[in-house]
Amino acid sequence: MLEVRDLETAYGRSQVLFGISLSIASSQVVSLLGRNGMGKTTTVRSIMGITPSRAGSIEFENKVITELPSYRIAQAGIGLVPEGRQVFPNLTVRENLVATHRGKGWTLERVFELFGNLKERQNHYGNQLSGGEQQMLAIGRALMTNPRLLILDEATEGLAPRIRAEIYRSIEQLKSEGLSLLVIDKDVRALTRVADRHYVLEKGRVVWSGSSTELAANRDIQQKYLGV
């Protein structure tokens, strides 16, 4: 579904990505792992066209999207839950969701079934929500675009354990429904439970990739690159 080959990205003269390659198959959950500052968010920004790459290629469903603007990439079927959530603070929960709705499949009712908290808070403004509720709203807002691939950047950062469990419950449900996902998070144990494949980044390069079984068994990789 998604094929990233030899991706290089820089901010001015400072190069951040050095030949990143990864792939995501249909209905597959893939994680992107690494310590802070290793290039995970830049990889996501490059895939979404927010920070243009300067070399390499990105294909989505066999179509090159490397040079497309961000809105065209979103229209192609990639939904983004950005780092920091970035919900619209002066819109209600319902308005946040309706604002991004396109296509068929995901509706207000389905989002409220996935996240019961949002149904209860649907008339509250974005800035009146807790951090966990904002993350649920950000996920729901991305789902309302009816994507075929959903990217979650820092899926549970800064959230309480109960809310983290709720977010991973939703990821498992989305996986069971056949949605492809790219997940960035620091919870290695949870990721090895839900993801099919993992890519570990170090200073803008993929230094290891493998299955959940392989990652769980590889303490050297966990300690050296993930600080586990």
# chains A, B, ... in the order shown; residues from 1 in each chain; ligands from 1
$ residues_around --residues "Asn127 of chain A" --least-positions-apart "5" --cutoff "8 Å" --atoms "only C-alpha atoms" --output "list of chain:residue names"
A:Phe88, A:Pro89, A:Asn90
$ residues_around --residues "segment 158-163 of chain A" --least-positions-apart "3" --cutoff "8 Å" --atoms "only C-alpha atoms" --output "JSON, numbers by chain"
{"A": [131, 132, 166, 167]}
$ select_by_dssp --residues "segment 149-206 of chain A" --states "helix (DSSP H, G or I)" --output "number ranges by chain"
A: 161-176, 188-194
$ atom_distance --atom1 "atom CA of Ser209 of chain A" --atom2 "atom CA of Gln222 of chain A"
11.9 Å
$ atom_distance --atom1 "atom CA of Arg164 of chain A" --atom2 "atom CA of Leu179 of chain A"
19.7 Å
$ residues_around --residues "segment 191-208 of chain A" --least-positions-apart "5" --cutoff "10 Å" --atoms "only C-alpha atoms" --output "compact mmCIF listing (two decimals) with N, CA and C atoms, in the first residue's frame"
# COMPACT_ATOMS: atom_id res chain seq x y z
N ASP A 6 14.48 5.06 -0.17
CA ASP A 6 15.67 5.91 -0.17
C ASP A 6 15.34 7.38 0.08
N LEU A 7 14.50 7.63 1.05
CA LEU A 7 14.01 8.99 1.32
C LEU A 7 15.07 9.82 2.04
N GLU A 8 15.31 11.00 1.49
CA GLU A 8 16.22 11.96 2.11
C GLU A 8 15.49 13.29 2.28
N THR A 9 15.59 13.84 3.49
CA THR A 9 14.90 15.10 3.78
C THR A 9 15.82 15.98 4.62
N GLN A 15 20.59 18.03 7.11
CA GLN A 15 19.92 16.83 6.63
C GLN A 15 19.47 15.99 7.82
N VAL A 16 18.23 15.48 7.73
CA VAL A 16 17.64 14.72 8.83
C VAL A 16 17.44 13.25 8.46
N LEU A 17 16.99 12.99 7.25
CA LEU A 17 16.77 11.61 6.80
C LEU A 17 17.82 11.22 5.76
N PHE A 18 18.37 10.02 5.93
CA PHE A 18 19.45 9.55 5.08
C PHE A 18 19.07 8.20 4.45
N GLY A 19 18.21 8.22 3.45
CA GLY A 19 17.89 7.00 2.72
C GLY A 19 16.91 6.08 3.43
N ILE A 20 15.85 6.66 4.01
CA ILE A 20 14.83 5.86 4.71
C ILE A 20 14.04 5.03 3.69
N SER A 21 13.88 3.74 3.98
CA SER A 21 13.02 2.86 3.18
C SER A 21 12.13 2.06 4.12
N LEU A 22 10.84 2.01 3.80
CA LEU A 22 9.90 1.20 4.56
C LEU A 22 8.69 0.92 3.70
N SER A 23 7.93 -0.10 4.08
CA SER A 23 6.73 -0.45 3.33
C SER A 23 5.63 -0.88 4.28
N ILE A 24 4.40 -0.62 3.86
CA ILE A 24 3.21 -1.02 4.61
C ILE A 24 2.27 -1.71 3.65
N ALA A 25 1.87 -2.93 3.98
CA ALA A 25 0.94 -3.67 3.14
C ALA A 25 -0.50 -3.34 3.55
N SER A 27 -3.96 -3.61 5.16
CA SER A 27 -4.45 -4.18 6.43
C SER A 27 -3.32 -4.50 7.40
N GLN A 28 -2.17 -3.87 7.24
CA GLN A 28 -1.02 -4.13 8.10
C GLN A 28 -0.80 -2.96 9.05
N VAL A 29 -0.36 -3.27 10.28
CA VAL A 29 0.03 -2.25 11.24
C VAL A 29 1.55 -2.26 11.36
N VAL A 30 2.16 -1.11 11.13
CA VAL A 30 3.62 -0.97 11.16
C VAL A 30 3.97 0.12 12.16
N SER A 31 5.03 -0.09 12.93
CA SER A 31 5.46 0.95 13.86
C SER A 31 6.79 1.54 13.41
N LEU A 32 6.98 2.80 13.80
CA LEU A 32 8.23 3.51 13.57
C LEU A 32 8.76 3.89 14.93
N LEU A 33 9.93 3.33 15.28
CA LEU A 33 10.47 3.45 16.63
C LEU A 33 11.81 4.18 16.63
N GLY A 34 12.16 4.72 17.79
CA GLY A 34 13.45 5.38 17.95
C GLY A 34 13.35 6.45 19.02
N ARG A 35 14.49 6.85 19.52
CA ARG A 35 14.50 7.91 20.53
C ARG A 35 14.09 9.24 19.89
N ASN A 36 13.87 10.24 20.73
CA ASN A 36 13.51 11.57 20.23
C ASN A 36 14.62 12.12 19.34
N GLY A 37 14.21 12.80 18.27
CA GLY A 37 15.16 13.45 17.40
C GLY A 37 15.83 12.54 16.38
N MET A 38 15.32 11.34 16.21
CA MET A 38 15.93 10.39 15.28
C MET A 38 15.33 10.43 13.88
N GLY A 39 14.26 11.23 13.67
CA GLY A 39 13.71 11.39 12.33
C GLY A 39 12.34 10.80 12.11
N LYS A 40 11.67 10.35 13.17
CA LYS A 40 10.36 9.72 13.01
C LYS A 40 9.31 10.70 12.48
N THR A 42 9.83 13.60 11.09
CA THR A 42 10.23 14.09 9.77
C THR A 42 9.84 13.09 8.68
N THR A 43 9.95 11.80 8.97
CA THR A 43 9.51 10.79 8.02
C THR A 43 8.02 10.95 7.73
N TYR A 168 -4.97 2.20 22.48
CA TYR A 168 -4.53 0.94 21.87
C TYR A 168 -5.70 0.01 21.60
N ARG A 169 -6.74 0.09 22.42
CA ARG A 169 -7.95 -0.68 22.12
C ARG A 169 -8.53 -0.24 20.79
N ILE A 171 -6.85 1.13 18.31
CA ILE A 171 -5.95 0.68 17.25
C ILE A 171 -6.21 -0.78 16.91
N GLU A 172 -6.40 -1.60 17.92
CA GLU A 172 -6.71 -3.01 17.68
C GLU A 172 -8.02 -3.17 16.92
N LYS A 175 -7.47 -2.17 13.31
CA LYS A 175 -6.74 -3.25 12.64
C LYS A 175 -7.68 -4.39 12.27
N LEU A 181 -2.22 0.90 9.23
CA LEU A 181 -1.78 1.93 10.17
C LEU A 181 -0.27 2.01 10.24
N LEU A 182 0.24 3.24 10.37
CA LEU A 182 1.62 3.50 10.73
C LEU A 182 1.60 4.22 12.06
N VAL A 183 2.20 3.61 13.09
CA VAL A 183 2.10 4.12 14.45
C VAL A 183 3.48 4.48 14.98
N ILE A 184 3.59 5.69 15.48
CA ILE A 184 4.80 6.13 16.20
C ILE A 184 4.44 6.24 17.67
N ASP A 185 5.19 5.57 18.51
CA ASP A 185 4.93 5.62 19.95
C ASP A 185 6.15 5.06 20.67
N LYS A 186 6.19 5.28 21.98
CA LYS A 186 7.32 4.80 22.78
C LYS A 186 6.97 3.55 23.57
N THR A 213 7.63 -10.56 17.07
CA THR A 213 8.32 -11.65 17.74
C THR A 213 9.82 -11.41 17.79
N GLU A 214 10.38 -10.94 16.67
CA GLU A 214 11.81 -10.67 16.61
C GLU A 214 12.20 -9.51 17.50
N LEU A 215 11.37 -8.47 17.53
CA LEU A 215 11.69 -7.31 18.37
C LEU A 215 11.61 -7.66 19.85
N ALA A 216 10.57 -8.39 20.23
CA ALA A 216 10.40 -8.76 21.64
C ALA A 216 11.57 -9.60 22.13
N ILE A 221 18.62 -4.63 20.66
CA ILE A 221 18.02 -3.55 19.89
C ILE A 221 17.20 -2.65 20.80
N GLN A 222 16.43 -3.25 21.69
CA GLN A 222 15.60 -2.46 22.60
C GLN A 222 16.44 -1.56 23.50
N LYS A 224 19.76 -0.66 23.03
CA LYS A 224 20.67 0.23 22.32
C LYS A 224 19.97 1.41 21.66
N TYR A 225 18.81 1.14 21.03
CA TYR A 225 18.14 2.17 20.24
C TYR A 225 16.87 2.72 20.83
N LEU A 226 16.27 1.98 21.79
CA LEU A 226 14.97 2.40 22.32
C LEU A 226 15.02 2.74 23.79
$ select_by_dssp --residues "segment 23-221 of chain A" --states "strand (DSSP E)" --output "MDAnalysis selection string"
chainID A and resid 23:24 29:33 55:60 63:64 78:81 149:152 180:184 197:202 205:211
$ write_last_selection --atoms "C-alpha atoms" --output "PDB file, in the first residue's frame"
ATOM      1  CA  SER A  23       6.730  -0.447   3.328  1.00  0.00           C
ATOM      2  CA  ILE A  24       3.212  -1.025   4.614  1.00  0.00           C
ATOM      3  CA  VAL A  29       0.031  -2.253  11.241  1.00  0.00           C
ATOM      4  CA  VAL A  30       3.616  -0.973  11.162  1.00  0.00           C
ATOM      5  CA  SER A  31       5.464   0.948  13.864  1.00  0.00           C
ATOM      6  CA  LEU A  32       8.233   3.513  13.565  1.00  0.00           C
ATOM      7  CA  LEU A  33      10.468   3.453  16.633  1.00  0.00           C
ATOM      8  CA  ALA A  55      15.612  12.567  -2.809  1.00  0.00           C
ATOM      9  CA  GLY A  56      13.905   9.197  -2.932  1.00  0.00           C
ATOM     10  CA  SER A  57      10.340   8.222  -3.779  1.00  0.00           C
ATOM     11  CA  ILE A  58       7.031   7.627  -2.026  1.00  0.00           C
ATOM     12  CA  GLU A  59       4.299   5.518  -3.597  1.00  0.00           C
ATOM     13  CA  PHE A  60       0.794   5.022  -2.266  1.00  0.00           C
ATOM     14  CA  LYS A  63       0.943   5.922  -7.485  1.00  0.00           C
ATOM     15  CA  VAL A  64       3.862   8.273  -6.879  1.00  0.00           C
ATOM     16  CA  ILE A  78      -3.827   8.927   3.926  1.00  0.00           C
ATOM     17  CA  GLY A  79      -5.107  10.261   7.249  1.00  0.00           C
ATOM     18  CA  LEU A  80      -2.813  11.892   9.793  1.00  0.00           C
ATOM     19  CA  VAL A  81      -3.114  12.173  13.564  1.00  0.00           C
ATOM     20  CA  LEU A 149      -3.938   4.361   5.673  1.00  0.00           C
ATOM     21  CA  LEU A 150      -3.926   6.082   9.064  1.00  0.00           C
ATOM     22  CA  ILE A 151      -0.738   7.565  10.519  1.00  0.00           C
ATOM     23  CA  LEU A 152      -0.552   8.224  14.269  1.00  0.00           C
ATOM     24  CA  SER A 180      -3.633  -0.028   7.484  1.00  0.00           C
ATOM     25  CA  LEU A 181      -1.780   1.934  10.165  1.00  0.00           C
ATOM     26  CA  LEU A 182       1.623   3.504  10.726  1.00  0.00           C
ATOM     27  CA  VAL A 183       2.096   4.125  14.452  1.00  0.00           C
ATOM     28  CA  ILE A 184       4.797   6.128  16.198  1.00  0.00           C
ATOM     29  CA  ARG A 197       6.315  -5.064  11.616  1.00  0.00           C
ATOM     30  CA  HIS A 198       8.643  -2.502  13.151  1.00  0.00           C
ATOM     31  CA  TYR A 199      11.261  -0.090  11.820  1.00  0.00           C
ATOM     32  CA  VAL A 200      13.831   1.379  14.212  1.00  0.00           C
ATOM     33  CA  LEU A 201      15.422   4.737  13.335  1.00  0.00           C
ATOM     34  CA  GLU A 202      18.751   6.084  14.522  1.00  0.00           C
ATOM     35  CA  ARG A 205      18.524   5.854   9.118  1.00  0.00           C
ATOM     36  CA  VAL A 206      16.700   2.550   9.483  1.00  0.00           C
ATOM     37  CA  VAL A 207      19.020   0.480  11.653  1.00  0.00           C
ATOM     38  CA  TRP A 208      16.727  -2.503  12.203  1.00  0.00           C
ATOM     39  CA  SER A 209      13.409  -3.892  10.991  1.00  0.00           C
ATOM     40  CA  GLY A 210      11.526  -7.036  11.828  1.00  0.00           C
ATOM     41  CA  SER A 211       8.424  -8.666  13.256  1.00  0.00           C
TER      42      SER A 211
END
$ closest_residue --among "A:Ala217, A:Ile139, A:Leu97, A:Leu174" --to "Arg189 of chain A" --atoms "only C-alpha atoms"
A:Ala217
$ closest_residue --among "A:Val4, A:Leu143, A:Ala155, A:Ala138" --to "Asn62 of chain A" --atoms "only C-alpha atoms"
A:Val4
$ atom_distance --atom1 "atom CA of Ala76 of chain A" --atom2 "atom CA of His101 of chain A"
14.1 Å
$ residues_around --residues "Val87 of chain A" --least-positions-apart "5" --cutoff "8 Å" --atoms "only C-alpha atoms" --output "list of chain:residue names"
A:Asn96, A:Gly126, A:Gln134, A:Leu137, A:Ala138
$ closest_residue --among "A:Met144, A:Ala190, A:His124, A:Pro52" --to "Leu68 of chain A" --atoms "only C-alpha atoms"
A:Pro52
$ closest_residue --among "A:Thr41, A:Gln75, A:Gln135, A:Thr92" --to "Ser170 of chain A" --atoms "only C-alpha atoms"
A:Gln135
